[in-house]
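A.B. asks: I'm passing along my_file29.cif; it holds mmCIF, C-alpha atoms and all ligand atoms.
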data_run
#
loop_
_atom_site.label_atom_id
_atom_site.label_comp_id
_atom_site.auth_asym_id
_atom_site.auth_seq_id
_atom_site.Cartn_x
_atom_site.Cartn_y
_atom_site.Cartn_z
CA MET A 1 83.07 -60.85 -47.93
CA LEU A 2 81.53 -64.20 -47.07
CA THR A 3 79.18 -65.89 -49.52
CA LEU A 4 77.12 -69.02 -49.00
CA ASN A 5 75.68 -70.56 -52.14
CA GLY A 6 72.90 -73.11 -51.79
CA ILE A 7 74.15 -74.73 -48.60
CA THR A 8 72.29 -77.91 -47.69
CA LYS A 9 73.33 -80.19 -44.85
CA LYS A 10 71.80 -83.58 -44.23
CA TYR A 11 72.61 -85.82 -41.29
CA LYS A 12 71.37 -89.14 -42.68
CA ASP A 13 67.68 -88.40 -43.34
CA LYS A 14 67.57 -85.26 -41.17
CA THR A 15 67.93 -82.04 -43.16
CA ALA A 16 69.60 -79.53 -40.81
CA LEU A 17 70.05 -76.81 -43.44
CA SER A 18 68.20 -76.52 -46.71
CA ASP A 19 69.49 -74.43 -49.57
CA VAL A 20 70.85 -71.50 -47.53
CA SER A 21 72.30 -68.64 -49.57
CA LEU A 22 73.73 -65.58 -47.85
CA GLU A 23 76.12 -62.72 -48.38
CA LEU A 24 77.75 -61.11 -45.37
CA ASP A 25 79.86 -57.97 -45.38
CA CYS A 26 81.57 -56.33 -42.39
CA GLY A 27 79.42 -55.87 -39.31
CA ILE A 28 77.82 -57.73 -36.42
CA TYR A 29 75.19 -60.29 -37.40
CA GLY A 30 72.89 -62.04 -34.97
CA LEU A 31 71.91 -65.56 -36.02
CA LEU A 32 68.69 -65.92 -34.08
CA GLY A 33 66.49 -68.97 -33.82
CA PRO A 34 65.28 -71.66 -31.42
CA ASN A 35 67.18 -74.81 -30.47
CA GLY A 36 67.49 -77.19 -33.39
CA ALA A 37 67.05 -74.48 -36.03
CA GLY A 38 70.48 -75.18 -37.56
CA LYS A 39 72.66 -72.42 -36.06
CA SER A 40 75.57 -74.59 -34.96
CA THR A 41 75.48 -76.57 -38.20
CA LEU A 42 75.64 -73.35 -40.21
CA MET A 43 78.55 -72.06 -38.11
CA ASN A 44 80.44 -75.34 -38.44
CA ILE A 45 80.06 -75.16 -42.21
CA ILE A 46 81.14 -71.50 -42.39
CA THR A 47 84.25 -72.29 -40.34
CA GLY A 48 85.08 -75.30 -42.51
CA ASN A 49 84.69 -77.78 -39.65
CA ILE A 50 82.03 -79.79 -41.41
CA LYS A 51 81.37 -80.17 -45.13
CA PRO A 52 77.98 -79.26 -46.56
CA THR A 53 76.05 -81.97 -48.40
CA GLU A 54 75.53 -79.45 -51.19
CA GLY A 55 76.63 -75.90 -51.90
CA GLU A 56 79.74 -73.84 -51.34
CA VAL A 57 81.19 -71.24 -48.98
CA LEU A 58 83.27 -68.49 -50.58
CA TRP A 59 85.63 -66.01 -48.98
CA ASP A 60 86.13 -63.01 -51.29
CA GLY A 61 85.00 -65.24 -54.13
CA THR A 62 87.26 -68.24 -53.42
CA ASP A 63 85.92 -71.56 -52.12
CA ILE A 64 87.15 -71.96 -48.53
CA CYS A 65 88.15 -75.57 -49.30
CA ARG A 66 90.79 -74.16 -51.63
CA LEU A 67 92.07 -71.62 -49.11
CA GLY A 68 93.18 -74.23 -46.56
CA TRP A 69 95.57 -72.78 -43.99
CA GLU A 70 95.08 -69.26 -45.27
CA PHE A 71 91.42 -69.50 -44.25
CA ARG A 72 92.39 -70.88 -40.80
CA SER A 73 94.27 -67.65 -40.06
CA LEU A 74 91.34 -65.56 -41.30
CA ILE A 75 88.79 -67.01 -38.91
CA GLY A 76 88.20 -67.07 -35.20
CA TYR A 77 85.65 -69.53 -33.88
CA ALA A 78 84.26 -70.09 -30.43
CA PRO A 79 82.22 -73.32 -30.53
CA GLN A 80 79.07 -73.85 -28.50
CA GLN A 81 80.47 -76.84 -26.65
CA GLN A 82 83.06 -75.70 -24.20
CA GLY A 83 85.84 -78.06 -25.17
CA LEU A 84 88.24 -76.39 -22.79
CA TYR A 85 91.25 -77.95 -21.19
CA ASN A 86 90.40 -77.66 -17.52
CA SER A 87 93.88 -78.43 -16.25
CA PHE A 88 95.47 -75.78 -18.50
CA SER A 89 95.85 -72.22 -17.29
CA GLY A 90 94.11 -69.61 -19.43
CA ARG A 91 97.48 -68.47 -20.75
CA ARG A 92 98.60 -72.00 -21.65
CA PHE A 93 95.32 -72.64 -23.47
CA LEU A 94 95.79 -69.44 -25.45
CA SER A 95 99.36 -70.27 -26.34
CA TYR A 96 98.23 -73.72 -27.53
CA MET A 97 95.51 -72.11 -29.67
CA ALA A 98 97.97 -69.51 -30.98
CA ALA A 99 100.27 -72.31 -32.14
CA LEU A 100 97.34 -74.08 -33.87
CA LYS A 101 96.55 -70.83 -35.67
CA GLY A 102 100.11 -70.58 -36.93
CA ILE A 103 101.04 -67.51 -34.87
CA SER A 104 104.83 -67.51 -34.44
CA LYS A 105 106.38 -68.07 -30.98
CA LYS A 106 107.92 -64.62 -31.28
CA ASP A 107 104.54 -62.90 -31.72
CA ALA A 108 102.45 -65.16 -29.49
CA GLY A 109 103.39 -63.58 -26.14
CA ASN A 110 102.28 -60.07 -27.07
CA GLU A 111 99.22 -61.35 -28.86
CA ILE A 112 98.13 -63.38 -25.83
CA ASP A 113 98.56 -60.35 -23.57
CA ARG A 114 96.49 -58.30 -26.00
CA VAL A 115 93.55 -60.72 -26.08
CA LEU A 116 93.70 -61.30 -22.31
CA SER A 117 93.43 -57.62 -21.63
CA TYR A 118 90.67 -57.32 -24.22
CA VAL A 119 88.48 -59.74 -22.28
CA ASN A 120 89.72 -58.50 -18.94
CA MET A 121 91.31 -61.78 -17.91
CA GLN A 122 94.90 -60.76 -17.15
CA ASP A 123 94.52 -61.42 -13.43
CA ALA A 124 93.13 -64.93 -13.91
CA ALA A 125 95.41 -65.91 -16.80
CA ASP A 126 97.70 -68.14 -14.76
CA ARG A 127 94.96 -70.01 -12.94
CA ALA A 128 93.52 -73.33 -14.14
CA ILE A 129 90.51 -73.02 -16.45
CA GLY A 130 88.71 -75.67 -14.38
CA GLY A 131 88.31 -73.11 -11.60
CA TYR A 132 86.85 -70.39 -13.83
CA SER A 133 83.21 -69.26 -13.65
CA GLY A 134 81.02 -69.79 -16.72
CA GLY A 135 81.53 -66.17 -17.72
CA MET A 136 85.31 -66.44 -17.44
CA LYS A 137 85.30 -69.59 -19.59
CA GLN A 138 83.28 -67.78 -22.24
CA ARG A 139 85.67 -64.84 -22.12
CA ILE A 140 88.68 -67.11 -22.60
CA LEU A 141 86.86 -68.73 -25.54
CA ILE A 142 86.28 -65.29 -27.05
CA ALA A 143 89.93 -64.42 -26.39
CA GLN A 144 91.12 -67.44 -28.40
CA ALA A 145 88.66 -66.57 -31.17
CA ILE A 146 90.23 -63.12 -31.60
CA LEU A 147 93.87 -64.30 -31.52
CA GLY A 148 95.65 -63.03 -34.62
CA CYS A 149 92.96 -60.44 -35.48
CA PRO A 150 90.81 -62.62 -37.76
CA LYS A 151 88.56 -61.01 -40.37
CA LEU A 152 85.74 -63.43 -39.66
CA ILE A 153 84.67 -64.14 -36.08
CA VAL A 154 82.07 -66.82 -35.40
CA LEU A 155 80.70 -67.12 -31.85
CA ASP A 156 78.23 -69.92 -31.16
CA GLU A 157 75.95 -68.98 -28.25
CA PRO A 158 78.65 -67.06 -26.40
CA THR A 159 76.21 -66.01 -23.66
CA ALA A 160 74.74 -69.46 -22.94
CA GLY A 161 74.65 -70.26 -19.24
CA LEU A 162 75.80 -66.82 -18.08
CA ASP A 163 74.23 -64.71 -15.38
CA PRO A 164 72.74 -61.33 -16.39
CA LYS A 165 75.82 -59.31 -15.43
CA GLU A 166 78.15 -61.61 -17.37
CA ARG A 167 75.81 -61.54 -20.37
CA VAL A 168 76.04 -57.79 -20.62
CA ARG A 169 79.80 -57.91 -20.24
CA VAL A 170 80.25 -60.46 -23.04
CA ARG A 171 77.79 -58.53 -25.22
CA GLU A 172 79.73 -55.30 -24.78
CA GLN A 173 83.01 -57.06 -25.58
CA ILE A 174 81.54 -58.39 -28.81
CA LYS A 175 80.23 -54.94 -29.68
CA ALA A 176 83.69 -53.44 -29.21
CA LEU A 177 85.13 -55.90 -31.76
CA SER A 178 83.29 -54.56 -34.77
CA GLY A 179 85.01 -52.61 -37.49
CA ASP A 180 86.49 -54.14 -40.59
CA LYS A 181 85.35 -57.63 -39.68
CA ILE A 182 82.44 -59.99 -40.12
CA ILE A 183 81.15 -61.07 -36.72
CA LEU A 184 78.48 -63.74 -36.59
CA VAL A 185 76.91 -64.48 -33.21
CA SER A 186 74.28 -67.15 -32.65
CA THR A 187 71.73 -67.13 -29.87
CA HIS A 188 68.15 -67.96 -29.04
CA VAL A 189 68.04 -65.08 -26.54
CA VAL A 190 66.86 -61.90 -28.26
CA SER A 191 68.21 -59.47 -25.66
CA ASP A 192 71.73 -60.84 -26.06
CA ILE A 193 71.96 -59.72 -29.64
CA ALA A 194 69.35 -57.02 -30.39
CA PRO A 195 71.34 -54.13 -28.82
CA ILE A 196 74.56 -54.88 -30.74
CA ALA A 197 73.65 -56.45 -34.09
CA GLY A 198 73.62 -54.39 -37.27
CA GLU A 199 71.55 -57.12 -38.80
CA ILE A 200 69.54 -60.09 -37.58
CA LEU A 201 69.32 -63.36 -39.52
CA LEU A 202 66.25 -65.33 -38.49
CA ILE A 203 66.74 -69.08 -38.81
CA ARG A 204 64.03 -71.68 -38.58
CA ASP A 205 64.07 -75.37 -39.52
CA GLY A 206 67.25 -75.00 -41.53
CA ASN A 207 66.15 -71.94 -43.50
CA ILE A 208 67.10 -68.29 -43.14
CA ILE A 209 63.53 -67.04 -43.19
CA ASP A 210 64.34 -63.34 -43.01
CA ARG A 211 67.08 -60.83 -42.35
CA GLY A 212 67.20 -57.15 -41.54
CA GLY A 213 67.91 -54.49 -38.96
CA VAL A 214 66.08 -54.70 -35.64
CA GLU A 215 63.71 -51.81 -36.46
CA GLU A 216 63.14 -53.03 -39.97
CA LEU A 217 62.05 -56.46 -38.70
CA CYS A 218 59.84 -54.89 -36.03
CA GLN A 219 57.96 -52.91 -38.66
CA LYS A 220 57.73 -55.83 -41.01
CA TYR A 221 56.17 -58.14 -38.44
CA GLY A 222 53.03 -56.25 -37.57
CA GLU A 223 54.65 -53.16 -36.10
CA SER A 224 55.96 -55.08 -33.12
CA ARG A 225 57.27 -53.05 -30.22
CA ASP A 226 60.59 -54.85 -30.08
CA LEU A 227 62.45 -57.81 -31.47
CA GLU A 228 61.26 -59.98 -28.61
CA GLU A 229 57.72 -59.58 -29.93
CA VAL A 230 58.87 -60.42 -33.47
CA TYR A 231 60.55 -63.54 -32.11
CA MET A 232 57.41 -64.65 -30.29
CA HIS A 233 55.35 -63.86 -33.39
CA ILE A 234 57.54 -66.14 -35.52
CA PHE A 235 58.72 -68.77 -33.10
CA GLY A 236 56.17 -68.61 -30.30
CA GLU A 237 54.30 -71.76 -31.34
CA GLU A 238 57.51 -73.63 -31.93
CA GLU A 239 58.96 -72.73 -28.53
CA ARG A 240 55.77 -73.96 -26.91
CA HIS A 241 56.04 -77.26 -28.84
CA VAL A 242 59.64 -77.64 -27.71
CA GLU A 243 58.57 -77.09 -24.12
CA THR A 244 55.74 -79.64 -24.33
CA ASP A 245 57.96 -82.13 -26.17
CA SER A 246 60.48 -82.11 -23.41
CA LEU A 247 57.93 -82.73 -20.67
P1 LIG B 1 70.98 -75.24 -33.24
O1 LIG B 1 72.45 -74.94 -33.09
O2 LIG B 1 70.20 -74.13 -33.87
O3 LIG B 1 70.36 -75.70 -31.96
P2 LIG B 1 71.90 -77.56 -34.74
O4 LIG B 1 72.64 -77.06 -35.93
O5 LIG B 1 72.70 -78.04 -33.59
O6 LIG B 1 70.83 -76.45 -34.27
O7 LIG B 1 70.95 -78.75 -35.19
C1 LIG B 1 70.07 -78.64 -36.31
C2 LIG B 1 69.34 -79.96 -36.49
O8 LIG B 1 70.25 -80.98 -36.90
C3 LIG B 1 68.70 -80.48 -35.21
O9 LIG B 1 67.50 -81.11 -35.54
C4 LIG B 1 69.70 -81.49 -34.69
O10 LIG B 1 69.06 -82.48 -33.93
C5 LIG B 1 70.29 -82.04 -35.97
N1 LIG B 1 71.70 -82.44 -35.79
C6 LIG B 1 72.73 -81.63 -35.43
N2 LIG B 1 73.90 -82.29 -35.40
C7 LIG B 1 73.60 -83.58 -35.74
C8 LIG B 1 74.37 -84.78 -35.89
N3 LIG B 1 75.69 -84.79 -35.70
N4 LIG B 1 73.71 -85.91 -36.26
C9 LIG B 1 72.39 -85.90 -36.48
N5 LIG B 1 71.60 -84.81 -36.37
C10 LIG B 1 72.18 -83.67 -36.01
MG MG B 2 73.61 -74.80 -31.45
#
Would you write out, as structure tokens, the structure that this file holds?
C.D. replies:
Amino acid sequence: MLTLNGITKKYKDKTALSDVSLELDCGIYGLLGPNGAGKSTLMNIITGNIKPTEGEVLWDGTDICRLGWEFRSLIGYAPQQQGLYNSFSGRRFLSYMAALKGISKKDAGNEIDRVLSYVNMQDAADRAIGGYSGGMKQRILIAQAILGCPKLIVLDEPTAGLDPKERVRVREQIKALSGDKIILVSTHVVSDIAPIAGEILLIRDGNIIDRGGVEELCQKYGESRDLEEVYMHIFGEEERHVETDSL
């Protein structure tokens, strides 16, 4: 169980998260909100990559700062920025990540084969990552996130930049992961998460403004037909502002 207590994150005078408290049990959660809402910041805090200005993150009741390496082996994280090593082959990248996660040399080979076959990348495993399509890069990122069977999997916009066919493929692979794990997936694209999430967390301006199942949220927000309508209802104005701002 993952617990966030009063998480606030300030970057100088910009408040990216304000007083976020959450409890997550096993299941697939969609962290849904527009660009700048605080999704990546929240994920970086949950994975221990950045420290909150205030508040604490607990894993089964223990502060993750005190878990150290133990927590590293519990989590799998695919960051939004594709910091991939283009000259590495997929397999070499995975073996590097396996070493960072503390997976022994003895176990790494089998584990890498397992995750490669999970994301259907066996055939491309020995080619350089630089030559992969966007979808293949995302699948290798997901593969490294699931090395060592972590209990908490955090995927930051895993479908960004993919074509429709690849999006569905990645979505189905995430769906197949569920079970005795917490899987948190961020996106600003409703259709990437609505079909697979047990619960949606709506994030806006650094606040989790609501959470619930897809149908539950649809009913709550004026009997909307689907989550897309809920999203437009809540974020429609904001999205328009973003569009005008960037003109
Ligand atoms: P999202 O992932 O939902 O797009 P982010 O967590 O990346 O949102 O950003 C939330 C807010 O914090 C945005 O306003 C963003 O500009 C700001 N922000 C994010 N990272 C930094 C940083 N390193 N320094 C200053 N501001 C930041
Ligand atoms: Mg982000």
A.B. asks: Pick out the residues no farther than 7 Å from ligand LIG 1 (chain B), counting only C-alpha atoms and all ligand atoms, and list them as a PyMOL selection string.
C.D. replies: chain A and resi 11+14-16+33-42+206
A.B. asks: Using all atoms listed in the file, which protein or nucleic acid residues come within 12 Å of A:Tyr221? Drop anything in the same chain fewer than 2 positions from it, and give the result as a PDB file with C-alpha atoms, in the coordinates of the input.
C.D. replies:
ATOM      1  CA  ASP A 210      64.340 -63.340 -43.010  1.00  0.00           C
ATOM      2  CA  ARG A 211      67.080 -60.830 -42.350  1.00  0.00           C
ATOM      3  CA  GLY A 212      67.200 -57.150 -41.540  1.00  0.00           C
ATOM      4  CA  VAL A 214      66.080 -54.700 -35.640  1.00  0.00           C
ATOM      5  CA  GLU A 215      63.710 -51.810 -36.460  1.00  0.00           C
ATOM      6  CA  GLU A 216      63.140 -53.030 -39.970  1.00  0.00           C
ATOM      7  CA  LEU A 217      62.050 -56.460 -38.700  1.00  0.00           C
ATOM      8  CA  CYS A 218      59.840 -54.890 -36.030  1.00  0.00           C
ATOM      9  CA  GLN A 219      57.960 -52.910 -38.660  1.00  0.00           C
ATOM     10  CA  GLU A 223      54.650 -53.160 -36.100  1.00  0.00           C
ATOM     11  CA  SER A 224      55.960 -55.080 -33.120  1.00  0.00           C
ATOM     12  CA  ARG A 225      57.270 -53.050 -30.220  1.00  0.00           C
ATOM     13  CA  ASP A 226      60.590 -54.850 -30.080  1.00  0.00           C
ATOM     14  CA  LEU A 227      62.450 -57.810 -31.470  1.00  0.00           C
ATOM     15  CA  GLU A 228      61.260 -59.980 -28.610  1.00  0.00           C
ATOM     16  CA  GLU A 229      57.720 -59.580 -29.930  1.00  0.00           C
ATOM     17  CA  VAL A 230      58.870 -60.420 -33.470  1.00  0.00           C
ATOM     18  CA  TYR A 231      60.550 -63.540 -32.110  1.00  0.00           C
ATOM     19  CA  MET A 232      57.410 -64.650 -30.290  1.00  0.00           C
ATOM     20  CA  HIS A 233      55.350 -63.860 -33.390  1.00  0.00           C
ATOM     21  CA  ILE A 234      57.540 -66.140 -35.520  1.00  0.00           C
TER      22      ILE A 234
END
A.B. asks: Is there a way to get, as a list in words, all residues within 6 Å of the point (75.2, -68.2, -44.7) in file coordinates, counting all atoms listed in the file?
C.D. replies: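 These residues have at least one counted atom within 6 Å: Leu4, Ser21 and Leu22 of chain A.
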A.B. asks: So how far away is atom CA of A:Gly6 from atom CA of A:Glu54, in Å?
C.D. replies: 6.9 Å
A.B. asks: Do you know which residues are at most 7 Å from A:Thr8 counting all atoms listed in the file, after dropping those on the same chain fewer than 2 positions away, and could you put them as a short mmCIF file (atom, residue, chain, number, x, y, z; two decimals) with C-alpha atoms, in the frame of the given file?
C.D. replies:
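Dumped everything to part_0.cif:
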data_model
loop_
_atom_site.label_atom_id
_atom_site.label_comp_id
_atom_site.auth_asym_id
_atom_site.auth_seq_id
_atom_site.Cartn_x
_atom_site.Cartn_y
_atom_site.Cartn_z
CA GLY A 6 72.90 -73.11 -51.79
CA LYS A 10 71.80 -83.58 -44.23
CA LEU A 17 70.05 -76.81 -43.44
CA SER A 18 68.20 -76.52 -46.71
CA ASP A 19 69.49 -74.43 -49.57
CA VAL A 20 70.85 -71.50 -47.53
CA PRO A 52 77.98 -79.26 -46.56
CA THR A 53 76.05 -81.97 -48.40
CA GLU A 54 75.53 -79.45 -51.19
CA GLY A 55 76.63 -75.90 -51.90
#
A.B. asks: Given only C-alpha atoms as the basis, pick out the residue of A:Lys175, A:Arg127, A:Lys106, A:Lys181 nearest to A:Arg92.
C.D. replies: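 For A:Arg92, the nearest of the given residues is A:Arg127.
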A.B. asks: From the set A:Pro79, A:Gly68, A:Gly30, A:Gly135, which residue has the shortest atom-to-atom contact distance to ligand MG 2 (chain B), counting all atoms listed in the file?
C.D. replies: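 Of A:Pro79, A:Gly68, A:Gly30, A:Gly135, the one nearest ligand MG 2 (chain B) is A:Pro79, counting all atoms listed in the file.
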A.B. asks: Would you tabulate, counting only C-alpha atoms, all residues of stretch 59-133 of chain A that have an atom at most 7 Å from an atom of stretch 138-143 of chain A, showing the closest pair of atoms and their distance in Å to one decimal, sorted by chain then ascending number, as JSON lines?
C.D. replies:
{"residue": "A:Ala78", "atom": "CA", "partner": "A:Leu141", "partner_atom": "CA", "distance": 5.7}
{"residue": "A:Gly90", "atom": "CA", "partner": "A:Ile140", "partner_atom": "CA", "distance": 6.8}
{"residue": "A:Val115", "atom": "CA", "partner": "A:Ala143", "partner_atom": "CA", "distance": 5.2}
{"residue": "A:Leu116", "atom": "CA", "partner": "A:Ala143", "partner_atom": "CA", "distance": 6.4}
{"residue": "A:Val119", "atom": "CA", "partner": "A:Arg139", "partner_atom": "CA", "distance": 5.8}
A.B. asks: Which residue, A:Phe93, A:Tyr77, A:Phe88, A:Trp59, has the smallest gap to A:Asn44 when you use all atoms listed in the file?
C.D. replies: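 Ranking A:Phe93, A:Tyr77, A:Phe88, A:Trp59 by distance to A:Asn44, first place goes to A:Tyr77.
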A.B. asks: Excluding A:Tyr29 and residues on its chain fewer than 5 positions from it, collect all residues at most 6 Å away from it, counting all atoms listed in the file, and give them as a PyMOL selection string.
C.D. replies: chain A and resi 184+197+199-200
A.B. asks: Select, from A:Ser73, A:Asn110, A:Gln173, A:Ser186, the residue with the minimum atom-to-atom distance to ligand MG 2 (chain B), counting all atoms listed in the file.
C.D. replies: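 Of A:Ser73, A:Asn110, A:Gln173, A:Ser186, the one nearest ligand MG 2 (chain B), counting all atoms listed in the file, is A:Ser186.
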A.B. asks: Measuring between only C-alpha atoms, which one of A:Gln144, A:Thr159, A:Asn49, A:Thr187 shows the shortest distance to A:Met97?
C.D. replies: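 Among A:Gln144, A:Thr159, A:Asn49, A:Thr187, it is A:Gln144 that comes nearest to A:Met97.
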A.B. asks: Between A:Ile46, A:Leu32, A:Leu202, A:Lys220, which one has atoms that come closest to ligand MG 2 (chain B), using only C-alpha atoms and all ligand atoms?
C.D. replies: A:Leu32
A.B. asks: Dig up all the protein and nucleic acid residues within 12 Å of (79.7, -60.7, -23.1) in the file frame, using all atoms listed in the file, and format them as a PyMOL selection string.
C.D. replies: chain A and resi 118-120+134-143+155+157-177+185+191-193+196
A.B. asks: What does the structure give for the distance between atom CA of A:Ile182 and atom CA of A:Gly102, in Å to one decimal?
C.D. replies: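 Computing it gives 20.8 Å between the two atoms.
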A.B. asks: To one decimal place, how far is atom CA of A:Gly213 from atom CA of A:Leu152 in Å?
C.D. replies: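 One can read the atom CA of A:Gly213 to atom CA of A:Leu152 distance as 20.0 Å.
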A.B. asks: Using all atoms listed in the file, which residues sit within 9 Å of A:Cys149 once same-chain residues fewer than 6 positions away are excluded, as an NGL selection string?
C.D. replies: :A and (73-76)
A.B. asks: Mind giving me the axis-aligned box for stretch 58-68 of chain A with 5 Å on every side, centre plus edges in Å to one decimal, as lines of an AutoDock Vina configuration file?
C.D. replies:
center_x = 88.2
center_y = -69.3
center_z = -50.3
size_x = 19.9
size_y = 22.6
size_z = 17.6
